[in-house]
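Undergrad: Here it is: the structure, laid out below.
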Amino acid sequence: MKRRDFIANFGGTALAWPFLVLAQPSDRTRRIGVLMSTAESDPEGRSRITAFTQMLQTLGWTDGRNIQINVRWDAGDAKRAQMHAAELLTLAPDLLVANAAPALLAVQRETSTIPILFVQVADPIGGGFVTNLAHPSGNITGFTSFEDTMSAKWLQLLKEFVPSTTRIAVLRNFGPASTAARMMPAIDTAARVMGVQLITADVRDRAGIERAYDVFVRESSGGVIAMPDPLFTINRDQIIALASRHRLPAMYYFRFFATSGGLMSYGPDTSDIYQRAASYVDRILKGAQPKDLPVQQPTKFELVINLKTAKALGLTIPQSLILRANEVIQ
């Protein structure tokens, strides 16, 4: 290469350097919009956010320093969820996080380009959010909360706790993206094998929960299984109180039902799910695409039994259950 050509090329490259530097990603604060399905005053919702933000901080993302987390709470109200989803979009988020299917549906309606991470959605394929768990495609990925056959496990555990039970009331909500619809076949099959009659009640609001229990009591149900749904999570104090009033042994799907006075729960460790979700936030903010991140299922489950509630119902906890329980509340 001739000397003048070398100088010319070098000079051209040097002149380009400032533009190359300007084109590099900045250290700007990233924005995360979070839509929670619980009420802001709900301690369980707050604990989920705490687990999420603490893990983000461990991964190097601190709210108020290099990220800004905007949380909205819809308390299970679909209209409020849609309003908050639209509001979060005006804040120009780099990523949206949605807790439960109704919240995910709301944010999905608002954008098909901004990355969306869902947490605790039982059936993302059935809900029309992703087409494949291993390769989600589009702008959505996340973490599921339940798998289809878990409902059979709930029936098995309740029957083991109260062997004389022959009738079980199933409290469910067959609303949009309902978890119960997908989980009913497994519990129906298990009930036939165990010789248990299932009595189902579809409810869509708080008043419907009260009516359902009235029907259960008239038909002398031996126990209750609450199927996973934000409606029941939000109204868990009512559900637990009704079971206690009518002296019905009941099985629930999250630990906080048992810690709030319910007889027994078996389900995923929610803190673990939110901590794992934070790892996906970290990867997305560093450039990963949702379509390249497979949908993850729960890996930690916990059986919790409330001894005080069992005594109030006049029940003795089988030793087999005590040995398998992750926690026995005195």
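FYI, nothing fancy with the structure tokens labels: chains A, B, ... in order, residues from 1 per chain, ligands from 1 as they appear.
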Skipping near chain neighbours, those fewer than 3 positions away, what residues fall within 10 Å of stretch 162-173 of chain A using only C-alpha atoms, listed as a PyMOL selection string?

TA: chain A and resi 155-159+176-181+184+187+191+194-205+208-209+212-213+215-217+219-232+239+248-251+315-318

Undergrad: Determine, counting only C-alpha atoms, which protein, DNA and RNA residues have an atom within 12 Å of an atom of A:Ala86; residues of the same chain fewer than 5 positions away are not included. Present the result as JSON, numbers by chain.

TA: {"A": [33, 34, 35, 72, 79, 80, 81, 91, 92, 93, 96, 103, 105, 106, 107, 108, 109, 110, 111]}

Undergrad: So which residues of stretch 31-176 of chain A fall under alpha helix (DSSP H) by DSSP, listed as a PyMOL selection string?

TA: chain A and resi 43-58+78-89+101-110+150-161

Undergrad: Write down as JSON, numbers by chain the residues belonging to stretch 25-62 of chain A that are assigned strand (DSSP E) by DSSP computed on the backbone.

TA: {"A": [30, 31, 32, 33, 34, 35, 36]}

Undergrad: Which residues of stretch 12-116 of chain A have any atom within 10 Å of an atom in stretch 123-128 of chain A when counting only C-alpha atoms, and what is the closest pair of atoms for each, with the distance in Å to one decimal? Order the rows by chain and rising number and write it as CSV.

TA:
residue,atom,partner,partner_atom,distance
A:Ala100,CA,A:Pro124,CA,9.9
A:Ala101,CA,A:Gly127,CA,7.6
A:Pro102,CA,A:Gly127,CA,9.7
A:Leu104,CA,A:Pro124,CA,9.5
A:Leu105,CA,A:Gly127,CA,8.4

Undergrad: Include N, CA, C and O atoms and write out the residues we just selected as a CSV table (one decimal), in the first residue's frame.

TA:
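New file part_37.csv:
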chain,number,residue,atom,x,y,z
A,100,ALA,N,-49.8,-13.4,36.3
A,100,ALA,CA,-51.0,-14.1,36.1
A,100,ALA,C,-51.6,-13.7,34.7
A,100,ALA,O,-51.3,-12.7,34.1
A,101,ALA,N,-52.5,-14.6,34.3
A,101,ALA,CA,-53.0,-14.6,32.9
A,101,ALA,C,-53.7,-13.3,32.6
A,101,ALA,O,-53.6,-12.7,31.5
A,102,PRO,N,-54.7,-12.8,33.4
A,102,PRO,CA,-55.4,-11.6,33.1
A,102,PRO,C,-54.5,-10.4,32.9
A,102,PRO,O,-54.7,-9.6,32.0
A,104,LEU,N,-51.3,-10.5,32.0
A,104,LEU,CA,-50.6,-10.8,30.7
A,104,LEU,C,-51.4,-10.5,29.5
A,104,LEU,O,-51.0,-9.9,28.5
A,105,LEU,N,-52.7,-10.8,29.6
A,105,LEU,CA,-53.6,-10.5,28.5
A,105,LEU,C,-53.7,-9.0,28.3
A,105,LEU,O,-53.7,-8.5,27.1

Undergrad: Counting only C-alpha atoms, which residues of stretch 105-151 of chain A fall within 9 Å of stretch 296-299 of chain A, and what is the closest atom pair for each with its distance in Å at one decimal, ordered by chain and rising number, as JSON lines?

TA:
{"residue": "A:Leu133", "atom": "CA", "partner": "A:Gln296", "partner_atom": "CA", "distance": 7.7}
{"residue": "A:Ala134", "atom": "CA", "partner": "A:Gln296", "partner_atom": "CA", "distance": 8.5}
{"residue": "A:Thr141", "atom": "CA", "partner": "A:Gln296", "partner_atom": "CA", "distance": 8.5}
{"residue": "A:Gly142", "atom": "CA", "partner": "A:Gln296", "partner_atom": "CA", "distance": 6.4}
{"residue": "A:Phe143", "atom": "CA", "partner": "A:Gln296", "partner_atom": "CA", "distance": 4.8}
{"residue": "A:Thr144", "atom": "CA", "partner": "A:Gln297", "partner_atom": "CA", "distance": 5.0}
{"residue": "A:Ser145", "atom": "CA", "partner": "A:Pro298", "partner_atom": "CA", "distance": 6.0}
{"residue": "A:Phe146", "atom": "CA", "partner": "A:Pro298", "partner_atom": "CA", "distance": 7.2}
{"residue": "A:Glu147", "atom": "CA", "partner": "A:Gln297", "partner_atom": "CA", "distance": 8.1}

Undergrad: Those residues you just picked out, can you put them in a file as a short mmCIF file (atom, residue, chain, number, x, y, z; two decimals), in the first residue's frame with all heavy atoms?

TA:
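Contents of out38.cif, as written:
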data_model
loop_
_atom_site.label_atom_id
_atom_site.label_comp_id
_atom_site.auth_asym_id
_atom_site.auth_seq_id
_atom_site.Cartn_x
_atom_site.Cartn_y
_atom_site.Cartn_z
N LEU A 133 -43.44 -23.91 24.12
CA LEU A 133 -42.72 -23.61 25.37
C LEU A 133 -41.21 -23.52 25.15
O LEU A 133 -40.54 -22.66 25.73
CB LEU A 133 -43.03 -24.67 26.44
CG LEU A 133 -44.49 -24.78 26.89
CD1 LEU A 133 -44.62 -25.81 28.00
CD2 LEU A 133 -45.04 -23.44 27.36
N ALA A 134 -40.68 -24.40 24.33
CA ALA A 134 -39.23 -24.40 24.10
C ALA A 134 -38.79 -23.24 23.23
O ALA A 134 -37.70 -22.69 23.39
CB ALA A 134 -38.80 -25.72 23.47
N THR A 141 -42.21 -14.43 26.78
CA THR A 141 -41.75 -15.66 27.41
C THR A 141 -41.98 -15.52 28.91
O THR A 141 -42.47 -14.50 29.38
CB THR A 141 -40.27 -15.95 27.11
OG1 THR A 141 -39.95 -17.28 27.56
CG2 THR A 141 -39.34 -14.97 27.81
N GLY A 142 -41.66 -16.56 29.68
CA GLY A 142 -41.87 -16.43 31.11
C GLY A 142 -41.85 -17.72 31.89
O GLY A 142 -41.23 -18.72 31.47
N PHE A 143 -42.58 -17.72 33.00
CA PHE A 143 -42.53 -18.81 33.97
C PHE A 143 -43.95 -19.25 34.33
O PHE A 143 -44.78 -18.43 34.75
CB PHE A 143 -41.79 -18.34 35.23
CG PHE A 143 -40.33 -18.09 34.99
CD1 PHE A 143 -39.90 -16.93 34.36
CD2 PHE A 143 -39.38 -19.03 35.34
CE1 PHE A 143 -38.56 -16.69 34.11
CE2 PHE A 143 -38.03 -18.81 35.10
CZ PHE A 143 -37.61 -17.63 34.47
N THR A 144 -44.21 -20.52 34.17
CA THR A 144 -45.52 -21.07 34.49
C THR A 144 -45.61 -21.34 35.99
O THR A 144 -44.61 -21.30 36.71
CB THR A 144 -45.80 -22.36 33.71
OG1 THR A 144 -44.87 -23.38 34.15
CG2 THR A 144 -45.65 -22.14 32.21
N SER A 145 -46.81 -21.66 36.45
CA SER A 145 -47.00 -21.90 37.89
C SER A 145 -47.49 -23.31 38.20
O SER A 145 -47.21 -23.83 39.28
CB SER A 145 -47.99 -20.88 38.47
OG SER A 145 -49.14 -20.79 37.67
N PHE A 146 -48.22 -23.92 37.29
CA PHE A 146 -48.79 -25.25 37.55
C PHE A 146 -48.70 -26.10 36.29
O PHE A 146 -48.62 -25.57 35.19
CB PHE A 146 -50.26 -25.14 37.98
CG PHE A 146 -50.47 -24.29 39.20
CD1 PHE A 146 -50.90 -22.98 39.08
CD2 PHE A 146 -50.22 -24.78 40.47
CE1 PHE A 146 -51.08 -22.17 40.19
CE2 PHE A 146 -50.40 -23.99 41.59
CZ PHE A 146 -50.83 -22.68 41.45
N GLU A 147 -48.77 -27.41 36.50
CA GLU A 147 -48.88 -28.30 35.36
C GLU A 147 -50.17 -29.09 35.50
O GLU A 147 -50.76 -29.17 36.57
CB GLU A 147 -47.64 -29.20 35.24
CG GLU A 147 -47.25 -29.95 36.50
CD GLU A 147 -47.97 -31.26 36.63
OE1 GLU A 147 -48.40 -31.80 35.59
OE2 GLU A 147 -48.11 -31.75 37.76
#

Undergrad: Which residue gives the smallest distance to A:Leu313 among A:Ser265, A:Ala243, A:Arg255, A:Thr270, with only C-alpha atoms counted?

TA: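 For A:Leu313, the nearest of the given residues is A:Ala243.
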
Undergrad: Give the answer as one residue: which of A:Gly138, A:Pro294, A:Gly267, A:Gly261 has the shortest atom-to-atom distance to A:Gln120, using only C-alpha atoms?

TA: A:Gly267

Undergrad: Which residues are near A:Arg65? Cut-off 10 Å, only C-alpha atoms, ignore same chain within fewer than 6 positions. Put them as a list in words.

TA: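 Once the nearby chain positions are removed, what remains is Arg28, Thr29 and Arg30 of chain A.
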
Undergrad: What would the file look like if the residues just selected were written as a PDB file, in the first residue's frame with all heavy atoms?

TA:
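The new file out.pdb reads:
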ATOM      1  N   ARG A  28     -27.803   4.312  30.031  1.00  0.00           N
ATOM      2  CA  ARG A  28     -29.047   4.920  30.494  1.00  0.00           C
ATOM      3  C   ARG A  28     -29.788   3.992  31.457  1.00  0.00           C
ATOM      4  O   ARG A  28     -29.600   2.772  31.456  1.00  0.00           O
ATOM      5  CB  ARG A  28     -29.948   5.236  29.305  1.00  0.00           C
ATOM      6  CG  ARG A  28     -30.461   4.008  28.571  1.00  0.00           C
ATOM      7  CD  ARG A  28     -31.401   4.382  27.428  1.00  0.00           C
ATOM      8  NE  ARG A  28     -31.823   3.211  26.690  1.00  0.00           N
ATOM      9  CZ  ARG A  28     -32.808   2.410  27.068  1.00  0.00           C
ATOM     10  NH1 ARG A  28     -33.457   2.649  28.192  1.00  0.00           N
ATOM     11  NH2 ARG A  28     -33.153   1.366  26.328  1.00  0.00           N
ATOM     12  N   THR A  29     -30.627   4.583  32.253  1.00  0.00           N
ATOM     13  CA  THR A  29     -31.464   3.813  33.169  1.00  0.00           C
ATOM     14  C   THR A  29     -32.507   3.029  32.373  1.00  0.00           C
ATOM     15  O   THR A  29     -33.180   3.578  31.518  1.00  0.00           O
ATOM     16  CB  THR A  29     -32.167   4.751  34.163  1.00  0.00           C
ATOM     17  OG1 THR A  29     -31.182   5.440  34.935  1.00  0.00           O
ATOM     18  CG2 THR A  29     -33.085   3.969  35.090  1.00  0.00           C
ATOM     19  N   ARG A  30     -32.599   1.742  32.646  1.00  0.00           N
ATOM     20  CA  ARG A  30     -33.608   0.917  31.973  1.00  0.00           C
ATOM     21  C   ARG A  30     -34.915   0.966  32.749  1.00  0.00           C
ATOM     22  O   ARG A  30     -34.919   1.027  33.976  1.00  0.00           O
ATOM     23  CB  ARG A  30     -33.118  -0.536  31.868  1.00  0.00           C
ATOM     24  CG  ARG A  30     -31.748  -0.683  31.229  1.00  0.00           C
ATOM     25  CD  ARG A  30     -31.718  -0.144  29.813  1.00  0.00           C
ATOM     26  NE  ARG A  30     -30.419  -0.336  29.213  1.00  0.00           N
ATOM     27  CZ  ARG A  30     -30.045  -1.428  28.546  1.00  0.00           C
ATOM     28  NH1 ARG A  30     -30.894  -2.434  28.405  1.00  0.00           N
ATOM     29  NH2 ARG A  30     -28.840  -1.514  28.027  1.00  0.00           N
TER      30      ARG A  30
END

Undergrad: Which of these residues is nearest to A:Thr38, using only C-alpha atoms: A:Ile234, A:Ile114, A:Ile305, A:Val295?

TA: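 Counting only C-alpha atoms, the residue closest to A:Thr38 is A:Ile234.
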
Undergrad: Nearest to A:Ser279: which of A:Asp27, A:Thr50, A:Leu303, A:Thr58 is it, counting only C-alpha atoms?

TA: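 Using only C-alpha atoms, A:Ser279 sits closest to A:Thr58.
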
Undergrad: Could you tell me which of A:Ala152, A:Ala190, A:Val281, A:Ala207 comes closest to A:Ile69 if we count only C-alpha atoms?

TA: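 Of all the options, A:Val281 lies closest to A:Ile69.
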
Undergrad: Of the residues A:Val193, A:Ile322, A:Ala85, A:Ala278, which is the one nearest to A:Ala98, using only C-alpha atoms?

TA: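 Under the stated criterion, the closest residue is A:Ala85.
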